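K.L.:
What follows is protein_24.txt, compact mmCIF, C-alpha atoms.
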# COMPACT_ATOMS: atom_id res chain seq x y z
CA MET A 1 -21.60 -25.06 26.83
CA TYR A 2 -20.86 -23.98 23.31
CA LEU A 3 -22.04 -25.90 20.27
CA VAL A 4 -19.48 -26.05 17.49
CA SER A 5 -20.68 -26.69 13.95
CA LYS A 6 -19.24 -29.69 12.11
CA ASP A 7 -18.77 -27.40 9.10
CA PHE A 8 -16.42 -25.27 11.19
CA LEU A 9 -14.10 -28.25 11.59
CA GLU A 10 -13.51 -28.22 7.81
CA THR A 11 -12.37 -24.58 7.77
CA SER A 12 -8.78 -23.39 8.07
CA HIS A 13 -9.35 -22.44 11.71
CA GLY A 14 -11.25 -25.62 12.50
CA GLN A 15 -8.53 -27.82 11.06
CA LEU A 16 -6.04 -26.54 13.62
CA GLY A 17 -7.84 -28.34 16.43
CA CYS A 18 -9.42 -26.70 19.48
CA ILE A 19 -6.30 -27.02 21.64
CA ASN A 20 -4.12 -24.91 19.36
CA CYS A 21 -6.09 -21.82 20.31
CA HIS A 22 -7.88 -22.72 23.53
CA SER A 23 -5.14 -24.81 25.21
CA GLY A 24 -6.51 -27.49 27.55
CA GLU A 25 -5.97 -31.24 27.09
CA ASN A 26 -7.45 -33.76 24.70
CA LEU A 27 -8.88 -35.85 27.54
CA PRO A 28 -12.27 -37.53 27.87
CA THR A 29 -13.66 -35.80 30.96
CA GLN A 30 -14.64 -32.15 31.02
CA GLU A 31 -12.77 -31.49 34.27
CA GLN A 32 -9.47 -32.79 32.91
CA ALA A 33 -9.92 -31.31 29.45
CA HIS A 34 -10.79 -27.84 30.73
CA ALA A 35 -8.25 -27.62 33.57
CA THR A 36 -5.90 -25.41 31.56
CA MET A 37 -8.40 -24.30 28.91
CA ASN A 38 -8.64 -20.64 27.87
CA PRO A 39 -12.15 -19.77 26.64
CA TYR A 40 -11.01 -16.38 25.29
CA PRO A 41 -7.76 -16.98 23.39
CA SER A 42 -7.79 -13.62 21.62
CA GLU A 43 -7.68 -11.65 24.87
CA ASP A 44 -3.92 -11.51 24.42
CA ASN A 45 -3.62 -9.42 21.26
CA ASP A 46 -0.09 -10.75 20.71
CA GLY A 47 -1.22 -14.31 21.32
CA VAL A 48 -2.66 -16.96 19.09
CA CYS A 49 -4.28 -14.68 16.46
CA ALA A 50 -0.94 -12.91 15.96
CA GLN A 51 0.70 -16.18 14.96
CA CYS A 52 -0.96 -15.96 11.55
CA HIS A 53 -2.47 -12.46 11.42
CA VAL A 54 0.43 -10.50 12.86
CA GLY A 55 -0.07 -7.56 10.48
CA VAL A 56 -3.64 -7.13 11.65
CA THR A 57 -2.98 -7.60 15.37
CA GLU A 58 -0.10 -5.10 15.33
CA THR A 59 -2.33 -2.52 13.69
CA TYR A 60 -5.22 -3.36 15.97
CA ALA A 61 -3.16 -2.48 19.05
CA SER A 62 -3.43 1.13 17.80
CA SER A 63 -7.20 1.00 17.39
CA ILE A 64 -9.45 2.83 19.83
CA HIS A 65 -11.66 -0.27 19.83
CA TYR A 66 -8.71 -2.05 21.43
CA ASN A 67 -7.03 0.57 23.64
CA LEU A 68 -10.04 2.86 24.27
CA HIS A 69 -7.82 5.92 24.06
CA GLY A 70 -10.85 8.01 23.15
CA MET A 71 -12.53 7.19 26.45
CA GLU A 72 -9.29 7.57 28.36
CA ASN A 73 -8.69 11.02 26.89
CA GLY A 74 -12.30 12.01 27.49
CA LEU A 75 -12.01 11.03 31.13
CA MET A 76 -8.68 12.76 31.60
CA SER A 77 -9.82 15.98 29.97
CA PHE A 78 -12.62 16.27 32.57
CA ALA A 79 -10.11 15.34 35.25
CA SER A 80 -7.32 17.83 34.49
CA THR A 81 -4.80 15.13 35.28
CA ASP A 82 -2.03 14.69 32.77
CA SER A 83 -2.01 10.92 32.67
CA MET A 84 -3.83 7.94 34.08
CA PRO A 85 -0.92 6.57 36.16
CA ASP A 86 -0.84 9.87 38.11
CA SER A 87 -4.21 9.06 39.60
CA PRO A 88 -5.07 5.58 40.92
CA ALA A 89 -8.74 6.60 41.24
CA HIS A 90 -9.01 7.52 37.56
CA ALA A 91 -7.11 4.38 36.60
CA GLU A 92 -9.61 2.36 38.62
CA VAL A 93 -12.59 3.96 36.87
CA PHE A 94 -10.98 3.37 33.49
CA ASP A 95 -10.03 -0.26 34.22
CA LYS A 96 -13.25 -1.27 35.95
CA ASN A 97 -15.75 0.63 33.83
CA CYS A 98 -14.44 2.02 30.52
CA MET A 99 -12.37 -1.05 29.69
CA SER A 100 -15.45 -3.27 29.71
CA CYS A 101 -16.07 -1.89 26.20
CA HIS A 102 -12.67 -3.05 24.94
CA ALA A 103 -13.04 -5.55 22.08
CA THR A 104 -10.79 -8.47 21.20
CA CYS A 105 -10.46 -10.09 17.75
CA GLY A 106 -12.77 -12.89 18.85
CA GLU A 107 -15.43 -10.53 20.17
CA CYS A 108 -16.19 -9.34 16.64
CA HIS A 109 -15.12 -12.18 14.38
CA VAL A 110 -16.35 -15.25 16.32
CA SER A 111 -18.53 -14.25 19.25
CA ARG A 112 -20.62 -11.34 20.42
CA PRO A 113 -18.84 -8.79 22.61
CA SER A 114 -18.73 -9.95 26.23
CA ASN A 115 -20.03 -6.53 27.28
CA TYR A 116 -23.19 -7.38 25.31
CA THR A 117 -24.22 -11.00 25.75
CA GLY A 118 -21.11 -12.95 24.84
CA GLY A 119 -21.65 -16.33 23.23
CA LEU A 120 -20.74 -17.62 19.79
CA ILE A 121 -22.41 -15.88 16.86
CA ASN A 122 -22.92 -19.06 14.87
CA GLN A 123 -21.40 -22.23 16.25
CA HIS A 124 -17.83 -20.95 16.13
CA GLU A 125 -18.01 -19.74 12.53
CA PHE A 126 -15.36 -17.08 11.85
CA PHE A 127 -16.78 -13.99 10.14
CA LYS A 128 -14.33 -12.04 8.01
CA THR A 129 -16.90 -9.23 8.08
CA PRO A 130 -18.69 -9.42 11.42
CA PRO A 131 -22.50 -9.23 11.30
CA MET A 132 -23.52 -5.75 12.45
CA GLU A 133 -26.57 -6.89 14.46
CA GLU A 134 -24.46 -9.22 16.63
CA THR A 135 -21.31 -7.17 17.07
CA CYS A 136 -21.48 -3.41 16.38
CA TYR A 137 -25.00 -3.29 17.81
CA GLY A 138 -23.79 -5.16 20.86
CA CYS A 139 -21.72 -2.20 22.04
CA HIS A 140 -23.29 0.74 20.17
CA GLY A 141 -26.90 -0.39 20.42
CA ALA A 142 -28.08 2.14 22.99
CA ARG A 143 -27.39 4.98 20.63
CA THR A 144 -25.64 4.94 17.25
CA ALA A 145 -26.29 1.42 15.98
CA GLY A 146 -29.66 1.24 17.72
CA GLU A 147 -30.79 4.41 16.01
CA PHE A 148 -29.35 3.26 12.66
CA MET A 149 -31.29 0.00 12.88
CA GLY A 150 -34.49 1.62 14.12
CA GLU A 151 -34.30 -0.15 17.48
CA VAL A 152 -33.94 3.14 19.38
CA GLY A 153 -35.96 6.25 18.59
CA PHE A 154 -38.33 6.61 15.69
CA SER A 155 -37.53 5.38 12.16
CA GLY A 156 -34.25 3.70 11.39
CA ASP A 157 -31.74 5.12 8.95
CA VAL A 158 -32.68 5.17 5.27
CA HIS A 159 -29.32 3.58 4.47
CA PHE A 160 -30.13 0.66 6.79
CA GLU A 161 -33.55 0.33 5.17
CA LEU A 162 -31.78 0.05 1.83
CA GLY A 163 -29.67 -2.83 3.11
CA MET A 164 -26.47 -1.05 4.10
CA ASP A 165 -24.53 -1.84 7.25
CA CYS A 166 -21.79 -0.08 9.26
CA MET A 167 -19.03 -1.46 7.04
CA ASP A 168 -20.55 0.06 3.91
CA CYS A 169 -19.55 3.54 5.12
CA HIS A 170 -16.81 2.94 7.72
CA ASN A 171 -13.67 1.53 6.18
CA ILE A 172 -11.56 -1.12 7.84
CA ASP A 173 -9.26 1.48 9.47
CA ASN A 174 -12.16 2.66 11.60
CA PHE A 175 -12.27 -0.82 13.15
CA HIS A 176 -8.71 -2.17 12.99
CA GLY A 177 -6.87 1.15 13.34
CA THR A 178 -4.11 2.41 11.10
CA GLY A 179 -1.03 1.59 13.16
CA GLU A 180 -0.84 5.12 14.53
CA VAL A 181 -2.29 5.43 17.99
CA GLY A 182 -5.34 7.68 17.71
CA GLU A 183 -6.25 10.00 20.53
CA ARG A 184 -9.97 10.03 19.86
CA MET A 185 -12.55 8.87 17.33
CA TRP A 186 -12.59 12.24 15.58
CA ASP A 187 -8.93 11.89 14.57
CA GLU A 188 -9.80 8.98 12.29
CA ALA A 189 -10.69 9.15 8.61
CA LEU A 190 -14.43 8.98 9.18
CA PRO A 191 -16.93 8.71 6.35
CA SER A 192 -18.63 11.79 4.99
CA CYS A 193 -22.09 11.96 3.40
CA LEU A 194 -20.41 13.71 0.46
CA ASP A 195 -18.28 10.60 -0.21
CA CYS A 196 -21.38 9.21 -1.94
CA HIS A 197 -23.58 12.29 -2.38
CA GLU A 198 -21.01 14.52 -4.05
CA GLU A 199 -23.67 16.06 -6.27
CA GLU A 200 -25.30 17.53 -3.17
CA MET A 201 -22.28 19.66 -2.32
CA SER A 202 -23.23 23.24 -1.69
CA GLY A 203 -23.27 25.24 -4.91
CA ASN A 204 -23.64 22.15 -7.12
CA SER A 205 -26.90 20.79 -5.83
CA GLN A 206 -30.25 20.69 -7.58
CA ILE A 207 -31.80 21.23 -4.17
CA GLU A 208 -32.00 24.92 -3.33
CA ALA A 209 -31.86 24.38 0.44
CA HIS A 210 -28.44 22.71 0.05
CA ASN A 211 -27.05 25.69 -1.83
CA ALA A 212 -28.69 28.20 0.51
CA HIS A 213 -27.26 26.72 3.71
CA GLY A 214 -23.85 25.76 2.37
CA ASP A 215 -21.36 24.55 4.97
CA MET A 216 -23.30 26.31 7.73
CA LEU A 217 -25.17 23.11 8.61
CA SER A 218 -24.09 19.53 9.04
CA CYS A 219 -26.26 17.20 6.94
CA GLN A 220 -27.84 15.81 10.13
CA VAL A 221 -29.34 19.18 11.06
CA CYS A 222 -31.91 18.70 8.30
CA HIS A 223 -31.85 14.94 7.80
CA ALA A 224 -31.49 13.31 11.23
CA GLN A 225 -34.27 12.49 13.67
CA ALA A 226 -34.40 12.66 17.45
CA ASN A 227 -31.58 10.79 19.18
CA ASN A 228 -31.14 9.09 22.52
CA ASN A 229 -29.65 11.37 25.15
CA CYS A 230 -28.39 10.03 28.47
CA PHE A 231 -28.24 11.99 31.72
CA GLU A 232 -26.88 11.68 35.23
CA CYS A 233 -24.65 8.66 34.87
CA HIS A 234 -23.28 7.35 38.17
CA VAL A 235 -21.06 4.37 38.74
CA THR A 236 -21.46 1.83 41.51
CA TYR A 237 -19.27 -1.08 42.55
CA ASN A 238 -20.41 -4.64 42.06
CA GLU A 239 -20.42 -6.99 45.05
CA ASP A 240 -16.73 -7.88 45.06
CA LYS A 241 -15.65 -4.43 43.81
CA SER A 242 -14.09 -5.98 40.69
CA ALA A 243 -16.21 -3.83 38.36
CA LEU A 244 -17.93 -0.47 38.28
CA LYS A 245 -21.40 -0.58 36.77
CA SER A 246 -22.99 2.54 35.36
CA ALA A 247 -26.59 3.61 34.98
CA SER A 248 -28.25 6.71 33.62
CA ASP A 249 -31.59 8.14 32.53
CA SER A 250 -32.27 8.51 28.83
CA LYS A 251 -34.51 10.75 26.78
CA LEU A 252 -35.26 11.08 23.06
CA MET A 253 -34.52 14.63 21.98
CA PHE A 254 -33.54 16.62 18.92
CA ARG A 255 -31.34 19.62 19.54
CA ILE A 256 -29.44 21.83 17.14
CA GLY A 257 -26.58 23.83 18.62
CA LEU A 258 -23.41 25.66 17.70
CA ASN A 259 -20.59 23.37 16.63
CA PRO A 260 -18.44 22.91 19.77
CA ASN A 261 -15.28 22.33 17.75
CA PRO A 262 -15.29 23.35 14.06
CA THR A 263 -12.53 21.63 12.07
CA GLU A 264 -11.52 21.42 8.42
CA GLU A 265 -13.49 18.17 8.06
CA ARG A 266 -16.48 19.47 10.07
CA PRO A 267 -16.55 23.25 9.57
CA TYR A 268 -20.31 23.63 10.16
CA LYS A 269 -21.59 26.43 12.33
CA TYR A 270 -24.70 24.47 13.38
CA VAL A 271 -24.76 20.76 14.20
CA THR A 272 -26.98 18.21 15.89
CA LEU A 273 -26.03 17.64 19.52
CA ARG A 274 -26.28 14.72 21.90
CA HIS A 275 -26.08 14.86 25.67
CA ILE A 276 -23.49 12.55 27.16
CA PRO A 277 -24.37 11.22 30.59
CA THR A 278 -21.30 12.36 32.50
CA ALA A 279 -22.03 14.57 35.52
CA ALA A 280 -19.52 16.29 37.79
CA ASN A 281 -20.18 13.68 40.49
CA SER A 282 -20.42 10.60 38.23
CA PHE A 283 -17.47 8.90 39.94
CA ASP A 284 -17.97 10.07 43.52
CA THR A 285 -18.38 6.46 44.62
CA VAL A 286 -14.71 5.92 43.86
CA GLU A 287 -13.40 9.28 45.07
CA PRO A 288 -15.03 12.70 45.46
CA ASN A 289 -14.27 15.52 43.04
CA MET A 290 -12.68 13.37 40.35
CA LEU A 291 -13.68 15.71 37.52
CA PRO A 292 -12.48 19.18 38.57
CA ASN A 293 -12.33 20.38 34.97
CA PHE A 294 -15.93 19.39 34.32
CA ASP A 295 -17.30 22.91 33.87
CA ASN A 296 -14.71 23.73 31.20
CA ILE A 297 -15.78 20.99 28.78
CA ASN A 298 -19.22 20.80 27.21
CA ASN A 299 -21.19 17.60 27.78
CA TRP A 300 -23.61 18.35 24.97
CA LYS A 301 -21.47 16.94 22.14
CA TYR A 302 -21.44 17.09 18.36
CA SER A 303 -23.45 14.13 17.13
CA PRO A 304 -23.46 12.83 13.56
CA THR A 305 -26.71 11.04 14.39
CA HIS A 306 -27.16 7.82 12.42
CA ASN A 307 -30.90 7.90 11.70
CA ILE A 308 -30.96 9.78 8.43
CA GLN A 309 -34.14 10.23 6.41
CA ARG A 310 -34.60 12.28 3.26
CA SER A 311 -37.77 13.87 4.68
CA THR A 312 -37.88 14.93 8.30
CA PHE A 313 -40.22 17.15 10.26
CA GLN A 314 -37.64 19.95 10.39
CA ASN A 315 -36.94 20.01 6.63
CA GLU A 316 -40.58 20.03 5.59
CA SER A 317 -40.51 23.79 5.03
CA CYS A 318 -38.40 26.84 5.95
CA GLU A 319 -40.78 27.65 8.83
CA SER A 320 -40.75 24.15 10.25
CA CYS A 321 -37.14 24.75 11.26
CA HIS A 322 -36.62 28.49 11.40
CA ASP A 323 -39.80 29.13 13.38
CA ASN A 324 -39.43 26.19 15.74
CA ASP A 325 -37.50 27.24 18.85
CA LYS A 326 -37.88 23.78 20.36
CA LEU A 327 -35.39 22.33 17.89
CA PHE A 328 -32.56 24.44 19.25
CA LEU A 329 -30.53 23.99 22.42
CA ARG A 330 -31.92 26.41 24.99
CA GLU A 331 -30.81 27.53 28.41
CA GLU A 332 -33.57 25.48 30.00
CA ASP A 333 -32.04 22.34 28.45
CA ILE A 334 -28.91 22.82 30.56
CA ILE A 335 -29.61 20.98 33.80
CA GLU A 336 -28.00 21.64 37.16
CA SER A 337 -25.48 18.81 36.89
CA ASP A 338 -24.36 19.92 33.41
CA SER A 339 -21.15 21.62 32.44
CA LYS A 340 -21.46 25.41 32.25
CA GLU A 341 -19.49 25.20 29.00
CA ASN A 342 -22.69 24.03 27.29
CA LEU A 343 -23.98 27.61 27.44
CA ARG A 344 -21.71 28.61 24.57
CA LEU A 345 -23.49 26.09 22.29
CA ILE A 346 -26.86 27.79 22.59
CA VAL A 347 -27.98 29.26 19.28
CA PRO A 348 -28.91 32.95 19.68
CA ARG A 349 -32.58 33.22 18.74
CA PRO A 350 -34.45 36.41 17.88
CA MET B 1 -11.21 -55.10 -45.12
CA LYS B 2 -13.95 -52.54 -44.41
CA GLU B 3 -14.97 -54.45 -41.23
CA LYS B 4 -11.37 -54.45 -39.97
CA PHE B 5 -11.24 -50.70 -40.46
CA TYR B 6 -14.39 -50.23 -38.37
CA GLN B 7 -13.03 -52.52 -35.62
CA LYS B 8 -9.82 -50.42 -35.53
CA ALA B 9 -11.86 -47.20 -35.39
CA ILE B 10 -14.07 -48.50 -32.56
CA PHE B 11 -11.00 -49.66 -30.63
CA GLY B 12 -9.33 -46.26 -31.16
CA ALA B 13 -12.45 -44.40 -30.05
CA ALA B 14 -12.72 -46.56 -26.93
CA ILE B 15 -9.10 -45.80 -26.07
CA LEU B 16 -9.72 -42.08 -26.61
CA ILE B 17 -12.83 -42.11 -24.42
CA ALA B 18 -11.02 -44.02 -21.68
CA LEU B 19 -8.10 -41.57 -21.85
CA SER B 20 -10.46 -38.60 -21.73
CA VAL B 21 -12.21 -39.98 -18.66
CA VAL B 22 -8.87 -40.54 -16.90
CA ILE B 23 -7.64 -37.04 -17.81
CA LEU B 24 -10.89 -35.35 -16.74
CA PHE B 25 -11.04 -37.33 -13.50
CA THR B 26 -7.41 -36.48 -12.69
CA TYR B 27 -7.99 -32.83 -13.55
CA GLN B 28 -11.06 -32.67 -11.36
CA LEU B 29 -9.21 -34.20 -8.40
CA THR B 30 -6.22 -31.88 -8.83
CA ASN B 31 -8.38 -28.84 -9.41
CA LYS B 32 -10.46 -29.54 -6.29
CA SER B 33 -7.46 -29.65 -3.98
CA GLU B 34 -6.06 -26.46 -5.53
CA HIS B 35 -9.43 -24.77 -5.03
CA ILE B 36 -9.44 -25.60 -1.34
CA ALA B 37 -5.89 -24.32 -0.97
CA LYS B 38 -6.80 -21.04 -2.61
CA LYS B 39 -9.81 -20.61 -0.35
CA LEU B 40 -7.57 -20.52 2.68
CA THR B 41 -6.89 -16.87 3.26
CA THR B 42 -4.59 -17.42 6.19
CA PRO B 43 -0.98 -18.59 5.86
CA VAL B 44 -1.33 -21.32 8.45
CA ALA B 45 1.98 -21.99 10.16
CA ILE B 46 0.60 -24.01 13.04
CA GLU B 47 0.60 -27.79 13.18
CA PRO B 48 -2.87 -29.17 13.99
CA ILE B 49 -3.28 -30.69 17.46
CA ASP B 50 -5.52 -33.68 18.04
CA SER B 51 -8.63 -32.34 19.75
CA SER B 52 -10.91 -35.29 19.08
CA ASN B 53 -12.30 -35.42 22.62
CA CYS B 54 -13.13 -31.71 22.59
CA ILE B 55 -14.79 -32.05 19.19
CA ALA B 56 -16.78 -35.13 20.23
CA CYS B 57 -18.35 -33.21 23.08
CA HIS B 58 -18.80 -29.80 21.50
CA THR B 59 -20.39 -31.12 18.32
CA SER B 60 -22.71 -33.60 20.03
CA GLU B 61 -26.21 -32.19 20.07
CA SER B 62 -27.36 -34.87 22.52
CA ILE B 63 -24.79 -33.77 25.09
CA ILE B 64 -25.47 -30.10 24.45
CA GLY B 65 -29.20 -30.67 24.81
CA SER B 66 -28.67 -32.10 28.28
CA VAL B 67 -26.90 -29.07 29.71
CA ILE B 68 -28.30 -25.70 30.66
CA ILE B 69 -27.20 -22.93 28.33
CA GLU B 70 -26.77 -19.63 30.06
CA SER B 71 -29.33 -17.14 28.83
CA ASP B 72 -28.20 -14.30 26.61
CA GLU B 73 -29.11 -11.04 28.23
CA GLY B 74 -27.96 -7.47 28.03
CA HIS B 75 -27.89 -4.64 25.59
CA GLY B 76 -25.41 -2.29 24.05
CA GLY B 77 -24.38 0.04 26.82
CA GLU B 78 -22.35 2.67 25.01
CA GLY B 79 -21.68 4.05 28.45
CA GLY B 80 -25.32 4.74 29.07
Could the structure of this file be written out as structure tokens, please?
P.N.:
Amino acid sequence: MYLVSKDFLETSHGQLGCINCHSGENLPTQEQAHATMNPYPSEDNDGVCAQCHVGVTETYASSIHYNLHGMENGLMSFASTDSMPDSPAHAEVFDKNCMSCHATCGECHVSRPSNYTGGLINQHEFFKTPPMEETCYGCHGARTAGEFMGEVGFSGDVHFELGMDCMDCHNIDNFHGTGEVGERMWDEALPSCLDCHEEEMSGNSQIEAHNAHGDMLSCQVCHAQANNNCFECHVTYNEDKSALKSASDSKLMFRIGLNPNPTEERPYKYVTLRHIPTAANSFDTVEPNMLPNFDNINNWKYSPTHNIQRSTFQNESCESCHDNDKLFLREEDIIESDSKENLRLIVPRP
Amino acid sequence: MKEKFYQKAIFGAAILIALSVVILFTYQLTNKSEHIAKKLTTPVAIEPIDSSNCIACHTSESIIGSVIIESDEGHGGEGG
């Protein structure tokens, strides 16, 4: 049962009355009152929130937080199938596993994401800016947000230690979308370190290492710490086959590799990598050989790891990086279930 | 003559003070309601619906204390 604060009743949302959003009846017994009650009114993006916030909900339909196009495209690229409807097995994996990460308006602005713990953040208070620890961390806690907050890995991010949160770097478009349906996270206008640290741009910096390395390295190569890498993810059905649960092994590692996909925004030759848990047989429970294109797509991925520190063990001296083979992706890091495409990310070492 | 002048002045001052109090009180009342209206960021176009029974139950700590709250478990999966 959810406790609602009396202060909430004085707010613009509270004044509307529970029934306006949650339906149900204003009757004295729980059974009668809840018979037609909807505990998650924002599940329908065109529903009750859209009545007042139509501009936001229309835009949000284009957001990858809402439609998970990034995950859909990732799955389909491994699958070599043009679209989800062509393959009921892939559609099942997407609907029963990937879609559990889909977020509604309410899952950030009122409650915690249901994929995390669910439950109201603070007695039905609406948060214009959702609290990072209860919402972003809820879905991204195993890696990005967990590392940022120091909950996963070694030290947290220096920006977190200085009081910054996700919203201080990521603008609202990264959460609500822009109205144009994005294909993947990388298509969005993501923040760059240079947005704030312009003086550190190669050629202008007071720090010689910045000028010496130029655009060859992403900032994380020198300033990130080890990140959480997941391996061997396999899905299994729950009891009534309504959901596919996934589980994998994880390992803290730090690996520098060749940039799998240099772009204008991320032209670096060397970047920090993170292993994603997908294996060729990850979805065999649903149908064998669902990822026939697996060996053509690397599953060590570019990772702008969010645990930045000014001083790290690899930037202590030139030798601490250049003479340390263990920092770089090596052939022995590529395990049997990995994509063979990872081999092209190995940095040639003398 | 002088006394009459003072009586007039005191009466005038009392009127002025009373008027000031009325004006300030009215201003404060008006200003308060405007302030609340400005705080509303949402153009509410929905008529409120009486939800008094829902509110009575969901704001009552004695009722809430008597039911079992499901434990919050889980962690950010991020697919892993």
K.L.:
Using only C-alpha atoms, select each residue of chain A with any atom at most 7 Å away from an atom of chain B, and give the selection as a PyMOL selection string.
P.N.:
chain A and resi 1-6+12+15-20+26-28+52+116-117+137-142+230+247-248+277
K.L.:
Segment 162-169 of chain A: which residues within 12 Å, counting all atoms listed in the file, same-chain residues fewer than 3 positions away excluded, as a PyMOL selection string?
P.N.:
chain A and resi 128-137+140+144-146+148-149+156-159+172-176+189-196+306+308-309
K.L.:
Quick one: pull the distance between atom CA of Leu29 of chain B and atom CA of Leu9 of chain A, Å, one decimal.
P.N.:
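These atoms are spaced 21.4 Å apart.
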K.L.:
Work out how far atom CA of Cys321 of chain A is from atom CA of His213 of chain A, in Å to one decimal.
P.N.:
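Going from atom CA of His213 of chain A over to atom CA of Cys321 of chain A covers 12.6 Å.
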K.L.:
Between A:Pro350, A:Pro88, A:Asp46, A:Ser114, which has the minimum distance to Asn324 of chain A (counting all atoms listed in the file)?
P.N.:
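Using all atoms listed in the file, the shortest distance to Asn324 of chain A belongs to A:Pro350.
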K.L.:
Write out as an MDAnalysis selection string which residues come within 10 Å of Arg349 of chain A when counting all atoms listed in the file, dropping same-chain ones fewer than 6 positions away.
P.N.:
chainID A and resid 322:323 325 328 330
K.L.:
Using all atoms listed in the file, can you tell me which of A:Glu319, A:Glu208, A:Asp215, A:Asp295 comes closest to Val271 of chain A?
P.N.:
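Residue with the minimum atom-to-atom distance to Val271 of chain A: A:Asp215.
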K.L.:
To one decimal place in Å, what is the distance between atom CA of Pro41 of chain A and atom CA of Thr29 of chain A?
P.N.:
21.1 Å
K.L.:
I'd like to know which of A:Ala243, A:Cys222, A:Glu265, A:Pro292 is closest to Phe94 of chain A, using all atoms listed in the file.
P.N.:
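Among A:Ala243, A:Cys222, A:Glu265, A:Pro292, it is A:Ala243 that comes nearest to Phe94 of chain A.
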K.L.:
With only C-alpha atoms as the atoms that count, which of A:Thr272, A:Glu200, A:Arg143, A:Gly118 lies nearest to Ala212 of chain A?
P.N.:
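Result for the nearest residue to Ala212 of chain A: A:Glu200.
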